[in-house]
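K.L.:
Dropping a structure here in structure tokens format, bear with me for questions.
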Amino acid sequence: MTAAMSISLDVNGERVDAQVLPRLNLADFLREHLQLTGTHVGCEHGVCGACTVRVNGEIVRSCLMLAVQTHGASVETIEGLSDSGEIADLQAAFRNRNALQCGFCTPGMLMAAQDLLKQDAEPDRKRIREHLSGNYCRCTGYQAIIDAVETAARARLGRRS
Amino acid sequence: MKASAFSYTRATSVVNALELLGAHGDKAKVLSGGQSLMPAMNLRLISPELIVDIGEIAELRGIAVSGDVVTIGALTRHVDLTRSPEIAAHAPLLTEAIAHVAHPAIRNRGTLGGSLAHADPASELPACMVALNATIVVRGQSGERRIAAEDFFRGIYETALSPQELLVAVELPVGQNNAAHFFREFARRHGDYAIAGLAAQAIVERDVFADLRLAFFAVGDRPVLAKAARKLVNVAITLAVLSDASTALAQELAPHDDQQASASMRRHLAKVLLARCASALLGRSDLIAGRSV
């Protein structure tokens with residue numbers, strides 16, 4: 001049973017069939033097997049948030065999930081959210097507000113921020129901080145990231161009304 | 001780091017999981033939400049030979065209220081608890097505590113059973129179970145055992161669970177009239193492990209505690225049900241009574257030193273939590289006014 005196992009899943013809307021070893025985590029599967037390197041690997045024990053992806057519509061740590069556990073699941077990575085245009089406004093807000101420098105944390109930040117804005121259209125800064133509390137950024141000091149998420153939320157509300 | 005190699009099998013039912021655990025014993029590890037197990041494996045703190053994934057066992061999921069008991073399946077995730085109207089109505093302590101457990105992405109995967117079986121002394125949910133007087137239901141091939149939460153936690157990452165058993169559910173008594181709760185923790189950052197915390201469940205009648213269960217966490221090798229609480233039950237709470245209880249609390253706790261805090265700092269914080277708890281539950285700001293603790 002330490003041998004490779006077959007999995008079938010949906011990644012960014014495309015069906016993927018693969019053979020994976022049980023020990024392979026989802027982050028490494030995405031990066032090394034599918035070349036989806038937008039998902040970053042930082043701490044590998046669930047602390048930094050750089051590897052955040054969506055599984056069945058909910059954000060998870062891809063370093064804390066085995067690839068074999070995603071059999072039958074739908075996985076969305078930063079490439080999927082970016083290509084579909086779902087987070088184009090958030091990405092623009094991050095650029096405008098200088099909410100990134102080295103960019104290592106940015107995919108995870110965007111994943112977590114979009115997750116918040118789907119649940120709460122009008123989050124205050126405290127709520128934004130709470131929702132992003134599991135994502136480390138070592139460059140920006142966070143203020144600019146909170147600004148960007150707040151700006152994007154307000155712009156979305158404006159568009160809706 | 002990466003986890004070392006292991007075999008993986010997906011259990012199809014509780015019976016199937018118990019067969020696998022019976023056959024492999026402590027060489028196997030149960031994978032529930034994986035939010036504690038996977039970090040430990042990635043850090044190579046543990047290297048099980050076999051992972052038994054119970055994630056697909058539907059019978060272990062869900063929240064049901066029947067008579068005086070709320071039954072929560074072991075696979076119920078933190079996020080499910082947060083959103084449950086049954087939990088909000090009957091065990092609001094839990095609803096409040098979950099907000100302090102890690103971060104949204106972790107709460108989407110982490111399960112109640114996993115957290116309890118892992119038994120980290122700094123984590124919130126074991127303390128809530130002790131405060132709520134929960135019963136932990138575990139099943140082995142020879143049958144079921146029902147263990148009071150107070151007796152379930154035995155030490156750092158140690159529980160009454162044997163390697164051949166599976167934690168299947170938790171039973172909570174339905175909240176009584178006049179029930180009140182308090183939850184507070186000190187942590188460096190929201191969602192981090194607590195430096196010291198308190199989960200409390202009380203019955204308050206005419207400004208007096210008719211019952212008070214104080215479960216402190218991160219101040220010992222397991223959640224501590226404070227005996228000092230007895231000093232506050234069925235008496236009019238004065239500053240002198242509270243001070244007496246506070247002294248007793250400091251004496252009964254045996255916190256540890258680590259990079260986050262010294263033992264004496266933890267003892268101090270536990271006393272602060274006690275005063276804030278009494279003040280909040282009784283609506284008495286005079287119990288904390290002008291005091292350093």
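FYI, nothing fancy with the structure tokens labels: chains A, B, ... in order, residues from 1 per chain, ligands from 1 as they appear.
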Could you list the residues in chain B lying within 8 Å of chain A, using only C-alpha atoms, and format the result as a PyMOL selection string?

P.N.:
chain B and resi 1-9+34-35+38-40+42-43+102-106+108-109+189-191

K.L.:
Would you kindly return, as a compact mmCIF listing (two decimals) with C-alpha atoms, in the first residue's frame, each protein, DNA or RNA residue with an atom no farther than 10 Å from any atom of Asp10 of chain A, considering only C-alpha atoms and excluding same-chain residues fewer than 3 positions away?

P.N.:
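See around-v6.txt below for the written result:
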# COMPACT_ATOMS: atom_id res chain seq x y z
CA GLY A 13 -12.12 23.10 -13.95
CA GLU A 14 -10.06 20.44 -15.67
CA ARG A 15 -10.15 16.77 -14.85
CA VAL A 16 -6.85 15.35 -13.65
CA ASP A 17 -5.98 11.66 -13.30
CA VAL A 55 -10.99 22.44 -2.00
CA ASN A 56 -14.70 22.00 -2.75
CA THR A 70 -8.48 14.97 -2.90
CA HIS A 71 -9.78 11.99 -4.89
CA GLY A 72 -13.14 13.11 -6.26
CA ALA A 73 -12.68 16.69 -5.04
CA SER A 74 -12.65 20.00 -6.84
CA VAL A 75 -9.45 21.98 -6.26
CA GLU A 76 -8.93 25.62 -7.21

K.L.:
Could you write out, as a VMD selection string, all the residues of segment 61-246 of chain B that DSSP marks as helix (DSSP H, G or I)?

P.N.:
chain B and resid 78 to 83 85 to 90 92 to 98 104 to 107 112 to 118 124 to 131 149 to 152 227 to 232 239 to 246

K.L.:
Between atom CA of Thr12 of chain B and atom CA of Pro85 of chain B, what is the distance in Å, rounded to a tenth?

P.N.:
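Distance between the two atoms: 29.2 Å.
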
K.L.:
What is the distance between atom CA of Ser123 of chain B and atom CA of Phe217 of chain B, in Å to one decimal?

P.N.:
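So the answer is 7.0 Å.
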
K.L.:
Quick one: everything within 12 Å of segment 120-127 of chain A, counting only C-alpha atoms, minus sequence neighbours fewer than 3 positions away in the same chain. Send it as number ranges by chain.

P.N.:
A: 113-117, 130-133, 142-160; B: 99, 104, 190

K.L.:
Between atom CA of Ser47 of chain B and atom CA of Gly25 of chain B, what is the distance in Å, rounded to a tenth?

P.N.:
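It comes out at 13.9 Å.
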
K.L.:
If we count only C-alpha atoms and set the cut-off at 12 Å, which residues sit around Ile54 of chain B, ignoring sequence neighbours fewer than 4 positions away in its own chain? Please answer as JSON, numbers by chain.

P.N.:
{"A": [69], "B": [8, 9, 10, 11, 12, 13, 14, 15, 16, 17, 18, 20, 21, 29, 30, 31, 32, 33, 34, 58, 59, 60, 61, 74, 75, 76, 111, 113, 114, 166, 167, 168]}

K.L.:
Mind writing the picked residues with C-alpha atoms as a PDB file, in the first residue's frame?

P.N.:
ATOM      1  CA  GLN A  69      -7.450  12.805   0.056  1.00  0.00           C
TER       2      GLN A  69
ATOM      3  CA  TYR B   8      -2.687   4.747   3.348  1.00  0.00           C
ATOM      4  CA  THR B   9      -6.114   3.230   3.537  1.00  0.00           C
ATOM      5  CA  ARG B  10      -9.545   4.787   3.490  1.00  0.00           C
ATOM      6  CA  ALA B  11     -11.813   3.243   6.128  1.00  0.00           C
ATOM      7  CA  THR B  12     -15.294   2.564   4.787  1.00  0.00           C
ATOM      8  CA  SER B  13     -17.080   2.323   8.147  1.00  0.00           C
ATOM      9  CA  VAL B  14     -16.402   2.456  11.884  1.00  0.00           C
ATOM     10  CA  VAL B  15     -16.296  -1.357  11.939  1.00  0.00           C
ATOM     11  CA  ASN B  16     -13.745  -1.336   9.122  1.00  0.00           C
ATOM     12  CA  ALA B  17     -11.648   1.334  10.880  1.00  0.00           C
ATOM     13  CA  LEU B  18     -11.655  -0.719  14.099  1.00  0.00           C
ATOM     14  CA  LEU B  20      -7.635  -1.898  10.745  1.00  0.00           C
ATOM     15  CA  LEU B  21      -6.689  -0.409  14.127  1.00  0.00           C
ATOM     16  CA  LYS B  29      -2.572   6.522  13.030  1.00  0.00           C
ATOM     17  CA  VAL B  30      -6.096   7.753  12.450  1.00  0.00           C
ATOM     18  CA  LEU B  31      -6.386  10.630   9.986  1.00  0.00           C
ATOM     19  CA  SER B  32      -9.419  12.812  10.617  1.00  0.00           C
ATOM     20  CA  GLY B  33      -9.057  16.461   9.531  1.00  0.00           C
ATOM     21  CA  GLY B  34      -5.272  16.180   9.624  1.00  0.00           C
ATOM     22  CA  ALA B  58     -20.559   9.625   7.127  1.00  0.00           C
ATOM     23  CA  GLU B  59     -21.865   8.059  10.373  1.00  0.00           C
ATOM     24  CA  LEU B  60     -19.254  10.025  12.334  1.00  0.00           C
ATOM     25  CA  ARG B  61     -20.480  13.399  11.126  1.00  0.00           C
ATOM     26  CA  ALA B  74     -16.233  13.003  15.910  1.00  0.00           C
ATOM     27  CA  LEU B  75     -15.787  14.154  12.299  1.00  0.00           C
ATOM     28  CA  THR B  76     -17.794  17.341  12.828  1.00  0.00           C
ATOM     29  CA  THR B 111     -12.488  18.142  13.469  1.00  0.00           C
ATOM     30  CA  GLY B 113     -12.723  14.357  17.465  1.00  0.00           C
ATOM     31  CA  GLY B 114      -9.287  15.017  16.029  1.00  0.00           C
ATOM     32  CA  LEU B 166     -11.684   5.252  17.843  1.00  0.00           C
ATOM     33  CA  LEU B 167     -13.222   8.383  19.325  1.00  0.00           C
ATOM     34  CA  VAL B 168     -16.676   8.348  17.714  1.00  0.00           C
TER      35      VAL B 168
END

K.L.:
Using DSSP on the backbone, list every residue of chain A that comes out as strand (DSSP E or B), and give them as a ChimeraX atom specification.

P.N.:
/A:5-11,14-20,25,52-55,58-61,66,74-76

K.L.:
Show me, as number ranges by chain, the residues that have an atom within 10 Å of Arg83 of chain B when counting only C-alpha atoms, minus same-chain residues fewer than 5 positions from it.

P.N.:
B: 78, 88, 95

K.L.:
Keeping C-alpha atoms for every residue in the selection just given, could you write it to a file as a compact mmCIF listing (two decimals), in the first residue's frame?

P.N.:
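Saved to again.txt:
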# COMPACT_ATOMS: atom_id res chain seq x y z
CA HIS B 78 -14.80 23.35 13.57
CA ALA B 88 -25.27 28.13 19.61
CA THR B 95 -19.43 28.56 19.54

K.L.:
Residues within 8 Å of Leu36 of chain A, please, as a ChimeraX atom specification. Count only C-alpha atoms; anything in the same chain fewer than 5 positions from it doesn't count.

P.N.:
/A:30-31,77,79

K.L.:
Just checking: using only C-alpha atoms, which residue out of A:Arg97, A:Cys51, A:Thr140, A:Ala67 ends up closest to Thr39 of chain A?

P.N.:
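Ranked by minimum distance to Thr39 of chain A, first place goes to A:Cys51.
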
K.L.:
Identify which of the residues A:Ser6, A:Arg95, A:Tyr136, A:Ile78 lies closest to Thr37 of chain A, counting only C-alpha atoms when measuring atom-to-atom distances.

P.N.:
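Selected residue with least distance to Thr37 of chain A: A:Ile78.
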
K.L.:
Considering only C-alpha atoms, state which residue in the set B:Val69, B:Leu212, B:Ala263, B:Ala131 is at the smallest distance from Ala229 of chain B.

P.N.:
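Closest residue, counting only C-alpha atoms: B:Leu212.
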
K.L.:
So that I can see what lies close to Ala228 of chain B, please list as a VMD selection string the residues with an atom at most 12 Å from it, counting only C-alpha atoms and leaving out residues fewer than 3 positions away in the same chain.

P.N.:
chain B and resid 212 to 216 224 to 225 231 to 233 241 to 253 270 to 271 274
